[in-house]
file work_34.cif (mmCIF, C-alpha atoms)
data_target
loop_
_atom_site.group_PDB
_atom_site.id
_atom_site.type_symbol
_atom_site.label_atom_id
_atom_site.label_comp_id
_atom_site.auth_asym_id
_atom_site.auth_seq_id
_atom_site.Cartn_x
_atom_site.Cartn_y
_atom_site.Cartn_z
ATOM 1 C CA MET A 114 101.613 104.559 125.269
ATOM 2 C CA ARG A 115 99.533 106.756 122.957
ATOM 3 C CA VAL A 116 97.706 105.816 119.767
ATOM 4 C CA ALA A 117 96.523 108.148 116.994
ATOM 5 C CA LEU A 118 94.437 106.693 114.183
ATOM 6 C CA SER A 119 93.126 108.172 110.963
ATOM 7 C CA THR A 120 91.435 106.582 107.970
ATOM 8 C CA LEU A 121 89.825 107.943 104.812
ATOM 9 C CA PRO A 122 88.016 106.038 102.060
ATOM 10 C CA ALA A 123 89.047 106.461 98.458
ATOM 11 C CA ASP A 124 85.490 107.509 97.632
ATOM 12 C CA PRO A 125 83.043 108.837 100.260
ATOM 13 C CA ASP A 126 80.250 106.963 98.486
ATOM 14 C CA ARG A 127 81.971 103.564 98.802
ATOM 15 C CA ASP A 128 82.869 101.396 101.776
ATOM 16 C CA ASN A 129 86.270 101.902 103.342
ATOM 17 C CA GLU A 130 87.861 98.459 103.009
ATOM 18 C CA ASP A 131 90.697 99.290 105.437
ATOM 19 C CA PHE A 132 90.416 98.424 109.131
ATOM 20 C CA ALA A 133 92.600 99.384 112.080
ATOM 21 C CA ALA A 134 92.258 99.043 115.834
ATOM 22 C CA ALA A 135 94.390 98.981 118.971
ATOM 23 C CA ALA A 136 94.387 97.502 122.462
ATOM 24 C CA PRO A 137 96.822 98.324 125.308
ATOM 25 C CA SER A 138 99.313 95.716 124.106
ATOM 26 C CA ALA A 139 98.599 95.288 120.392
ATOM 27 C CA ALA A 140 97.530 96.979 117.176
ATOM 28 C CA VAL A 141 96.268 95.687 113.841
ATOM 29 C CA LEU A 142 95.741 97.149 110.379
ATOM 30 C CA LEU A 143 94.169 95.386 107.410
ATOM 31 C CA ASP A 144 93.641 96.560 103.849
ATOM 32 C CA GLY A 145 90.849 94.641 102.167
ATOM 33 C CA ALA A 146 91.512 93.755 98.553
ATOM 34 C CA GLY A 147 88.788 95.530 96.628
ATOM 35 C CA VAL A 148 87.797 94.192 93.247
ATOM 36 C CA GLY A 149 86.129 97.251 91.813
ATOM 37 C CA GLY A 150 82.577 95.957 92.074
ATOM 38 C CA ALA A 151 83.376 92.556 90.563
ATOM 39 C CA GLU A 152 81.810 89.363 91.892
ATOM 40 C CA THR A 153 83.532 87.934 95.002
ATOM 41 C CA GLY A 154 81.322 84.985 95.851
ATOM 42 C CA CYS A 155 80.756 86.555 99.288
ATOM 43 C CA THR A 156 77.458 88.155 100.270
ATOM 44 C CA HIS A 157 79.133 90.206 103.006
ATOM 45 C CA GLY A 158 81.763 92.082 101.038
ATOM 46 C CA VAL A 159 85.407 93.041 101.397
ATOM 47 C CA ALA A 160 84.909 95.631 104.160
ATOM 48 C CA TRP A 161 83.125 93.039 106.296
ATOM 49 C CA PHE A 162 85.937 90.566 105.732
ATOM 50 C CA SER A 163 88.744 92.943 106.719
ATOM 51 C CA SER A 164 86.940 94.357 109.755
ATOM 52 C CA THR A 165 85.850 90.942 111.011
ATOM 53 C CA LEU A 166 89.286 89.405 110.549
ATOM 54 C CA GLY A 167 90.965 92.417 112.152
ATOM 55 C CA SER A 168 88.695 92.349 115.189
ATOM 56 C CA LEU A 169 89.263 88.642 115.723
ATOM 57 C CA LEU A 170 93.024 88.974 115.285
ATOM 58 C CA LEU A 171 93.229 91.789 117.831
ATOM 59 C CA ARG A 172 91.221 89.719 120.292
ATOM 60 C CA GLY A 173 93.251 86.576 119.695
ATOM 61 C CA SER A 174 96.654 88.242 119.848
ATOM 62 C CA THR A 175 95.862 89.898 123.183
ATOM 63 C CA ALA A 176 93.994 86.994 124.752
ATOM 64 C CA HIS A 177 96.868 84.599 123.989
ATOM 65 C CA PRO A 178 100.046 86.684 124.406
ATOM 66 C CA ALA A 179 102.365 83.668 124.236
ATOM 67 C CA ARG A 180 100.887 82.342 120.997
ATOM 68 C CA PRO A 181 102.910 83.278 117.879
ATOM 69 C CA LEU A 182 101.257 85.964 115.781
ATOM 70 C CA ALA A 183 101.219 83.731 112.699
ATOM 71 C CA ASP A 184 99.227 81.160 114.672
ATOM 72 C CA CYS A 185 96.887 83.889 115.933
ATOM 73 C CA LEU A 186 96.313 84.965 112.335
ATOM 74 C CA ALA A 187 95.663 81.395 111.191
ATOM 75 C CA ASP A 188 93.186 80.943 114.039
ATOM 76 C CA SER A 189 91.412 84.178 113.096
ATOM 77 C CA ILE A 190 91.204 83.296 109.401
ATOM 78 C CA GLY A 191 89.675 79.981 110.383
ATOM 79 C CA LEU A 192 87.109 81.717 112.593
ATOM 80 C CA VAL A 193 86.112 84.117 109.818
ATOM 81 C CA ARG A 194 85.766 81.183 107.459
ATOM 82 C CA SER A 195 83.421 79.457 109.899
ATOM 83 C CA LEU A 196 81.255 82.584 110.051
ATOM 84 C CA HIS A 197 80.372 82.600 106.361
ATOM 85 C CA GLU A 198 81.339 79.347 104.690
ATOM 86 C CA ASP A 199 77.701 78.192 104.822
ATOM 87 C CA SER A 200 76.408 81.324 103.092
ATOM 88 C CA CYS A 201 79.258 82.279 100.744
ATOM 89 C CA ASP A 202 81.269 80.574 98.014
ATOM 90 C CA LEU A 203 84.746 80.559 99.547
ATOM 91 C CA ALA A 204 86.093 78.431 96.716
ATOM 92 C CA TYR A 205 85.387 81.291 94.296
ATOM 93 C CA ARG A 206 88.716 82.513 92.905
ATOM 94 C CA ALA A 207 88.003 86.158 93.808
ATOM 95 C CA SER A 208 86.791 85.537 97.375
ATOM 96 C CA PRO A 209 87.619 88.548 99.640
ATOM 97 C CA THR A 210 91.178 88.917 100.879
ATOM 98 C CA SER A 211 93.132 91.372 103.000
ATOM 99 C CA THR A 212 96.638 92.445 103.881
ATOM 100 C CA VAL A 213 97.506 92.181 107.573
ATOM 101 C CA VAL A 214 99.842 94.085 109.871
ATOM 102 C CA CYS A 215 99.919 93.200 113.560
ATOM 103 C CA ALA A 216 102.217 94.498 116.317
ATOM 104 C CA ARG A 217 102.205 93.250 119.904
ATOM 105 C CA VAL A 218 104.150 94.281 123.004
ATOM 106 C CA GLY A 219 105.279 91.615 125.434
ATOM 107 C CA ALA A 220 108.290 90.316 127.400
ATOM 108 C CA GLY A 221 110.492 93.275 126.556
ATOM 109 C CA ALA A 222 110.007 93.020 122.813
ATOM 110 C CA LEU A 223 107.716 94.208 120.066
ATOM 111 C CA GLU A 224 106.562 91.287 117.923
ATOM 112 C CA TYR A 225 105.276 91.957 114.430
ATOM 113 C CA LEU A 226 103.609 90.248 111.501
ATOM 114 C CA VAL A 227 103.184 91.600 107.974
ATOM 115 C CA LEU A 228 101.306 89.850 105.165
ATOM 116 C CA GLY A 229 100.575 91.667 101.919
ATOM 117 C CA ASP A 230 101.626 95.146 100.845
ATOM 118 C CA SER A 231 100.744 97.177 103.923
ATOM 119 C CA SER A 232 103.698 98.444 105.987
ATOM 120 C CA LEU A 233 105.100 98.598 109.498
ATOM 121 C CA LEU A 234 107.300 101.616 110.246
ATOM 122 C CA LEU A 235 109.583 101.309 113.269
ATOM 123 C CA ALA A 236 111.066 104.505 114.709
ATOM 124 C CA GLU A 237 114.151 103.870 116.797
ATOM 125 C CA LYS A 238 115.112 105.987 119.804
ATOM 126 C CA ASP A 239 118.485 106.747 118.211
ATOM 127 C CA GLY A 240 116.728 108.385 115.250
ATOM 128 C CA GLY A 241 116.908 105.478 112.835
ATOM 129 C CA THR A 242 113.985 103.948 110.985
ATOM 130 C CA ALA A 243 113.151 100.495 109.706
ATOM 131 C CA VAL A 244 110.260 99.524 107.453
ATOM 132 C CA VAL A 245 108.784 96.056 107.087
ATOM 133 C CA THR A 246 106.756 95.587 103.885
ATOM 134 C CA ASP A 247 105.832 92.404 102.071
ATOM 135 C CA ARG A 248 106.980 93.153 98.498
ATOM 136 C CA ARG A 249 105.879 89.905 96.877
ATOM 137 C CA LEU A 250 102.716 91.457 95.433
ATOM 138 C CA ASP A 251 104.730 94.370 94.040
ATOM 139 C CA GLU A 252 107.209 91.991 92.448
ATOM 140 C CA VAL A 253 104.428 90.045 90.749
ATOM 141 C CA GLY A 254 102.620 93.223 89.772
ATOM 142 C CA LYS A 255 105.630 94.719 88.005
ATOM 143 C CA ARG A 256 105.500 91.884 85.498
ATOM 144 C CA LEU A 257 101.821 92.465 84.732
ATOM 145 C CA ARG A 258 100.900 96.109 85.066
ATOM 146 C CA GLY A 259 102.572 97.657 82.033
ATOM 147 C CA PRO A 260 99.296 98.099 80.096
ATOM 148 C CA VAL A 261 97.660 99.661 83.175
ATOM 149 C CA ASP A 262 100.408 102.206 83.731
ATOM 150 C CA ALA A 263 100.465 103.232 80.062
ATOM 151 C CA LEU A 264 96.872 104.508 80.119
ATOM 152 C CA PRO A 265 95.205 107.524 81.794
ATOM 153 C CA THR A 266 93.736 106.570 85.178
ATOM 154 C CA GLY A 267 89.946 106.381 85.012
ATOM 155 C CA SER A 268 89.707 106.098 81.216
ATOM 156 C CA PRO A 269 87.639 103.213 79.747
ATOM 157 C CA GLU A 270 90.805 101.668 78.362
ATOM 158 C CA HIS A 271 92.506 101.919 81.758
ATOM 159 C CA SER A 272 89.512 100.333 83.483
ATOM 160 C CA ALA A 273 89.598 97.399 81.055
ATOM 161 C CA ALA A 274 93.353 96.928 81.508
ATOM 162 C CA LEU A 275 92.942 97.161 85.282
ATOM 163 C CA ALA A 276 90.275 94.444 85.227
ATOM 164 C CA ASP A 277 92.625 92.185 83.245
ATOM 165 C CA TYR A 278 95.450 92.950 85.678
ATOM 166 C CA ARG A 279 93.330 92.116 88.719
ATOM 167 C CA ASN A 280 92.159 88.921 87.086
ATOM 168 C CA ALA A 281 95.755 87.882 86.479
ATOM 169 C CA LEU A 282 96.709 88.690 90.078
ATOM 170 C CA THR A 283 93.820 86.621 91.387
ATOM 171 C CA GLY A 284 95.271 83.583 89.663
ATOM 172 C CA LEU A 285 98.615 84.106 91.423
ATOM 173 C CA ARG A 286 97.510 84.728 94.993
ATOM 174 C CA ASN A 287 98.427 82.299 97.753
ATOM 175 C CA ARG A 288 100.613 80.102 95.631
ATOM 176 C CA PRO A 289 104.379 79.644 95.112
ATOM 177 C CA GLY A 290 105.734 82.113 92.597
ATOM 178 C CA GLY A 291 102.874 84.490 93.343
ATOM 179 C CA PHE A 292 102.058 86.359 96.535
ATOM 180 C CA TRP A 293 100.413 85.646 99.881
ATOM 181 C CA ILE A 294 97.475 87.393 101.490
ATOM 182 C CA ALA A 295 94.813 86.613 104.098
ATOM 183 C CA GLY A 296 91.773 84.957 102.533
ATOM 184 C CA PRO A 297 89.737 81.798 103.090
ATOM 185 C CA ASP A 298 92.737 79.532 103.799
ATOM 186 C CA PRO A 299 94.440 79.759 107.231
ATOM 187 C CA ARG A 300 97.649 78.359 105.734
ATOM 188 C CA ALA A 301 98.406 81.757 104.187
ATOM 189 C CA ALA A 302 99.489 82.864 107.679
ATOM 190 C CA GLU A 303 102.494 80.550 107.426
ATOM 191 C CA HIS A 304 103.931 82.856 104.752
ATOM 192 C CA ALA A 305 103.720 86.105 106.737
ATOM 193 C CA LEU A 306 106.845 88.098 107.535
ATOM 194 C CA THR A 307 107.400 87.935 111.290
ATOM 195 C CA GLY A 308 109.998 89.130 113.751
ATOM 196 C CA SER A 309 110.668 90.969 116.991
ATOM 197 C CA VAL A 310 112.542 94.086 118.091
ATOM 198 C CA PRO A 311 113.731 95.023 121.606
ATOM 199 C CA LEU A 312 111.080 97.293 123.032
ATOM 200 C CA ASP A 313 113.538 99.628 124.715
ATOM 201 C CA SER A 314 115.057 100.467 121.309
ATOM 202 C CA LEU A 315 111.812 101.873 119.873
ATOM 203 C CA ALA A 316 110.138 105.257 120.119
ATOM 204 C CA SER A 317 107.063 104.483 118.015
ATOM 205 C CA VAL A 318 105.437 101.969 115.711
ATOM 206 C CA THR A 319 103.263 102.973 112.756
ATOM 207 C CA LEU A 320 100.956 100.719 110.752
ATOM 208 C CA LEU A 321 100.042 101.993 107.267
ATOM 209 C CA SER A 322 97.921 100.736 104.399
ATOM 210 C CA ASP A 323 99.423 101.137 100.929
ATOM 211 C CA GLY A 324 97.032 104.010 100.269
ATOM 212 C CA ALA A 325 98.887 105.931 102.986
ATOM 213 C CA THR A 326 102.421 104.927 101.984
ATOM 214 C CA ARG A 327 101.949 106.347 98.470
ATOM 215 C CA LEU A 328 103.600 109.580 99.560
ATOM 216 C CA VAL A 329 106.867 107.632 99.959
ATOM 217 C CA ASP A 330 106.848 104.525 97.813
ATOM 218 C CA ARG A 331 104.902 105.722 94.753
ATOM 219 C CA PHE A 332 104.993 109.518 94.700
ATOM 220 C CA GLU A 333 108.479 109.840 96.269
ATOM 221 C CA LEU A 334 107.507 113.151 97.844
ATOM 222 C CA ALA A 335 108.821 112.213 101.291
ATOM 223 C CA ASP A 336 111.068 109.699 102.993
ATOM 224 C CA TRP A 337 110.219 107.720 106.112
ATOM 225 C CA GLN A 338 111.936 110.159 108.432
ATOM 226 C CA GLU A 339 109.804 112.965 107.015
ATOM 227 C CA VAL A 340 106.706 110.821 107.517
ATOM 228 C CA LEU A 341 107.622 110.437 111.187
ATOM 229 C CA THR A 342 108.113 114.179 111.490
ATOM 230 C CA VAL A 343 104.623 114.797 110.081
ATOM 231 C CA LEU A 344 103.119 112.187 112.393
ATOM 232 C CA GLY A 345 104.894 113.563 115.447
ATOM 233 C CA SER A 346 104.041 117.202 114.738
ATOM 234 C CA PHE A 347 100.594 117.005 113.142
ATOM 235 C CA GLY A 348 99.299 113.425 113.353
ATOM 236 C CA PRO A 349 97.927 110.890 110.868
ATOM 237 C CA ASP A 350 95.253 113.240 109.477
ATOM 238 C CA GLU A 351 97.936 115.473 108.021
ATOM 239 C CA LEU A 352 99.814 112.595 106.436
ATOM 240 C CA ILE A 353 96.671 111.370 104.672
ATOM 241 C CA SER A 354 95.854 114.941 103.644
ATOM 242 C CA ARG A 355 99.229 115.219 101.923
ATOM 243 C CA VAL A 356 98.590 111.963 100.089
ATOM 244 C CA ARG A 357 95.226 113.279 98.900
ATOM 245 C CA ASP A 358 96.765 116.558 97.753
ATOM 246 C CA ALA A 359 99.254 114.650 95.618
ATOM 247 C CA GLU A 360 96.533 112.408 94.178
ATOM 248 C CA ASP A 361 94.323 115.398 93.382
ATOM 249 C CA GLY A 362 97.198 117.046 91.554
ATOM 250 C CA ASP A 363 97.589 114.038 89.245
ATOM 251 C CA PRO A 364 94.047 112.709 88.660
ATOM 252 C CA ASP A 365 94.892 110.964 85.385
ATOM 253 C CA GLY A 366 97.974 109.189 86.693
ATOM 254 C CA ARG A 367 100.263 110.852 84.152
ATOM 255 C CA ARG A 368 102.978 111.685 86.676
ATOM 256 C CA TRP A 369 102.393 108.669 88.914
ATOM 257 C CA PRO A 370 100.757 105.769 87.035
ATOM 258 C CA ARG A 371 98.492 103.790 89.363
ATOM 259 C CA GLY A 372 95.459 101.549 89.376
ATOM 260 C CA LYS A 373 93.243 103.962 91.306
ATOM 261 C CA ALA A 374 93.386 107.747 91.382
ATOM 262 C CA HIS A 375 92.597 107.562 95.109
ATOM 263 C CA ASP A 376 92.891 104.653 97.514
ATOM 264 C CA ASP A 377 91.599 103.946 101.007
ATOM 265 C CA ALA A 378 94.279 105.321 103.333
ATOM 266 C CA THR A 379 94.778 104.358 106.974
ATOM 267 C CA VAL A 380 97.470 105.233 109.509
ATOM 268 C CA LEU A 381 97.778 103.977 113.087
ATOM 269 C CA HIS A 382 100.616 105.741 114.940
ATOM 270 C CA TRP A 383 101.554 104.138 118.267
ATOM 271 C CA VAL A 384 103.954 106.097 120.483
ATOM 272 C CA LEU A 385 105.651 103.714 122.875
ATOM 273 C CA SER A 386 107.452 106.123 125.160
#
call {"tool": "encode", "arguments": {"input": "work_34.cif", "output": "structure tokens"}}
result
Amino acid sequence: MRVALSTLPADPDRDNEDFAAAAPSAAVLLDGAGVGGAETGCTHGVAWFSSTLGSLLLRGSTAHPARPLADCLADSIGLVRSLHEDSCDLAYRASPTSTVVCARVGAGALEYLVLGDSSLLLAEKDGGTAVVTDRRLDEVGKRLRGPVDALPTGSPEHSAALADYRNALTGLRNRPGGFWIAGPDPRAAEHALTGSVPLDSLASVTLLSDGATRLVDRFELADWQEVLTVLGSFGPDELISRVRDAEDGDPDGRRWPRGKAHDDATVLHWVLS
């Protein structure tokens, strides 16, 4: 098994709120939900939350290989909560959150968990592909983001509309009719997408934050098979470079309306055979 990992912050002067790591039998990727400098109630910040939760999840999922991944995630959320509930206001409505993708090899199968809008790309030995993405945030967002998409990215009016959009999303997270994401409450893990795939059917597994999937799901400049070709021939650095090239060519979001001109982008490509 071989792992290639690349990550790039949206802005070199700001923390990268993505986190990814791998062990011999598991890999995790988290995309911390940044709030654009707004108050979170947490003295540690979003990057701390995603990296701490990711590290604990990787440890828990490998130390307890028979424990379901959703239970491992709930355990890890609870541990992170215990680390800062005495110093931070975890009841604050904008407390840090993160997407989660976890993949684990065991007993002839690859188990997976996806929570939030990061993605798991499965490459099958017969040439097929399958993508697991939690679309609940996208579905909620479509109802709310019209004013954001109508304005030039980075303009004062866009920034104000984006703040309103994020505020509305915060009121819908981790509740029925909204979307689910890892935050202060371990019960969010119950709503993760989980499953397993026979290990001998897979050639590779790729974990991607939504900043890296833009090339496919927002810009529509490639399909998943083309992404796998780039990863196999050039590696994750090249995939992120192509995302950045597209973003740089549309800085105002006129061609591809979006909340941020650039986003943290992370790719973990795990070749299984």
call {"tool": "closest_residue", "arguments": {"input": "work_34.cif", "among": "A:Arg180, A:Ser314, A:Cys155, A:Gly191", "to": "Ala204 in chain A", "atoms": "all atoms listed in the file"}}
result
A:Cys155
call {"tool": "residues_around", "arguments": {"input": "work_34.cif", "residues": "Asp363 in chain A", "least_positions_apart": "2", "cutoff": "12 Å", "atoms": "all atoms listed in the file", "output": "PyMOL selection string"}}
result
chain A and resi 265-267+332+356-361+365-371+373-375
call {"tool": "residues_around", "arguments": {"input": "work_34.cif", "residues": "Val244 in chain A", "least_positions_apart": "2", "cutoff": "8 Å", "atoms": "only C-alpha atoms", "output": "ChimeraX atom specification"}}
result
/A:232-235,242,246
call {"tool": "resolve_selection", "arguments": {"input": "work_34.cif", "expression": "the PyMOL selection byres ((chain A and resi 296) around 9)", "output": "PDB file with C-alpha atoms, in the frame of the given file"}}
result
ATOM      1  CA  PHE A 162      85.937  90.566 105.732  1.00  0.00           C
ATOM      2  CA  ILE A 190      91.204  83.296 109.401  1.00  0.00           C
ATOM      3  CA  ARG A 194      85.766  81.183 107.459  1.00  0.00           C
ATOM      4  CA  LEU A 203      84.746  80.559  99.547  1.00  0.00           C
ATOM      5  CA  SER A 208      86.791  85.537  97.375  1.00  0.00           C
ATOM      6  CA  PRO A 209      87.619  88.548  99.640  1.00  0.00           C
ATOM      7  CA  THR A 210      91.178  88.917 100.879  1.00  0.00           C
ATOM      8  CA  SER A 211      93.132  91.372 103.000  1.00  0.00           C
ATOM      9  CA  ASN A 287      98.427  82.299  97.753  1.00  0.00           C
ATOM     10  CA  ILE A 294      97.475  87.393 101.490  1.00  0.00           C
ATOM     11  CA  ALA A 295      94.813  86.613 104.098  1.00  0.00           C
ATOM     12  CA  PRO A 297      89.737  81.798 103.090  1.00  0.00           C
ATOM     13  CA  ASP A 298      92.737  79.532 103.799  1.00  0.00           C
ATOM     14  CA  PRO A 299      94.440  79.759 107.231  1.00  0.00           C
ATOM     15  CA  ALA A 301      98.406  81.757 104.187  1.00  0.00           C
TER      16      ALA A 301
END
call {"tool": "residues_around", "arguments": {"input": "work_34.cif", "residues": "range 276-284 of chain A", "least_positions_apart": "2", "cutoff": "7 Å", "atoms": "all atoms listed in the file", "output": "mmCIF file with C-alpha atoms, in the coordinates of the input"}}
result
data_model
loop_
_atom_site.group_PDB
_atom_site.id
_atom_site.type_symbol
_atom_site.label_atom_id
_atom_site.label_comp_id
_atom_site.auth_asym_id
_atom_site.auth_seq_id
_atom_site.Cartn_x
_atom_site.Cartn_y
_atom_site.Cartn_z
ATOM 1 C CA ARG A 206 88.716 82.513 92.905
ATOM 2 C CA ALA A 207 88.003 86.158 93.808
ATOM 3 C CA LEU A 257 101.821 92.465 84.732
ATOM 4 C CA ARG A 258 100.900 96.109 85.066
ATOM 5 C CA SER A 272 89.512 100.333 83.483
ATOM 6 C CA ALA A 273 89.598 97.399 81.055
ATOM 7 C CA ALA A 274 93.353 96.928 81.508
ATOM 8 C CA ARG A 286 97.510 84.728 94.993
#
call {"tool": "resolve_selection", "arguments": {"input": "work_34.cif", "expression": "the PyMOL selection byres ((chain A and resi 247-251) around 7)", "output": "PyMOL selection string"}}
result
chain A and resi 227-230+245-246+252-255+292
call {"tool": "atom_distance", "arguments": {"input": "work_34.cif", "atom1": "CA of Leu328 in chain A", "atom2": "CA of Asp124 in chain A"}}
result
18.3 Å
call {"tool": "resolve_selection", "arguments": {"input": "work_34.cif", "expression": "the PyMOL selection byres ((chain A and resi 343-346) around 10)", "output": "ChimeraX atom specification"}}
result
/A:117,317,319,337-342,347-352,355,380-382,384
call {"tool": "closest_residue", "arguments": {"input": "work_34.cif", "among": "A:Val213, A:Leu312, A:Leu121, A:Pro364", "to": "Glu237 in chain A", "atoms": "only C-alpha atoms"}}
result
A:Leu312
call {"tool": "atom_distance", "arguments": {"input": "work_34.cif", "atom1": "CA of Asp131 in chain A", "atom2": "CA of Thr326 in chain A"}}
result
13.5 Å
call {"tool": "closest_residue", "arguments": {"input": "work_34.cif", "among": "A:Ser200, A:Arg115, A:Asp184, A:Ala140", "to": "Thr156 in chain A", "atoms": "all atoms listed in the file"}}
result
A:Ser200
call {"tool": "atom_distance", "arguments": {"input": "work_34.cif", "atom1": "CA of Arg127 in chain A", "atom2": "CA of Thr153 in chain A"}}
result
16.2 Å
call {"tool": "residues_around", "arguments": {"input": "work_34.cif", "residues": "Tyr225 in chain A", "least_positions_apart": "5", "cutoff": "9 Å", "atoms": "only C-alpha atoms", "output": "JSON list (two decimals) with C-alpha atoms, in the coordinates of the input"}}
result
[["chain", "number", "residue", "atom", "x", "y", "z"],
["A", 182, "LEU", "CA", 101.26, 85.96, 115.78],
["A", 214, "VAL", "CA", 99.84, 94.08, 109.87],
["A", 215, "CYS", "CA", 99.92, 93.20, 113.56],
["A", 216, "ALA", "CA", 102.22, 94.50, 116.32],
["A", 217, "ARG", "CA", 102.20, 93.25, 119.90],
["A", 218, "VAL", "CA", 104.15, 94.28, 123.00],
["A", 233, "LEU", "CA", 105.10, 98.60, 109.50],
["A", 306, "LEU", "CA", 106.84, 88.10, 107.54],
["A", 307, "THR", "CA", 107.40, 87.94, 111.29],
["A", 308, "GLY", "CA", 110.00, 89.13, 113.75],
["A", 309, "SER", "CA", 110.67, 90.97, 116.99],
["A", 310, "VAL", "CA", 112.54, 94.09, 118.09]]
call {"tool": "closest_residue", "arguments": {"input": "work_34.cif", "among": "A:Ser168, A:Ser174, A:Asn129, A:Ser354", "to": "Asp376 in chain A", "atoms": "only C-alpha atoms"}}
result
A:Asn129
call {"tool": "closest_residue", "arguments": {"input": "work_34.cif", "among": "A:Arg331, A:Asp202, A:Ala123, A:Leu320", "to": "Ala135 in chain A", "atoms": "all atoms listed in the file"}}
result
A:Leu320
call {"tool": "closest_residue", "arguments": {"input": "work_34.cif", "among": "A:Gly291, A:Gly167, A:Gly158, A:Val116", "to": "Leu142 in chain A", "atoms": "only C-alpha atoms"}}
result
A:Gly167
call {"tool": "residues_near_point", "arguments": {"input": "work_34.cif", "point": "(89.9, 101.5, 107.0)", "cutoff": "10 Å", "atoms": "only C-alpha atoms", "output": "list in words"}}
result
Leu118, Ser119, Thr120, Leu121, Pro122, Ala123, Asp128, Asn129, Glu130, Asp131, Phe132, Ala133, Ala134, Leu142, Leu143, Asp144, Gly145, Ala160, Ser163, Ser164, Ser322, Asp377, Ala378, Thr379 and Val380 of chain A
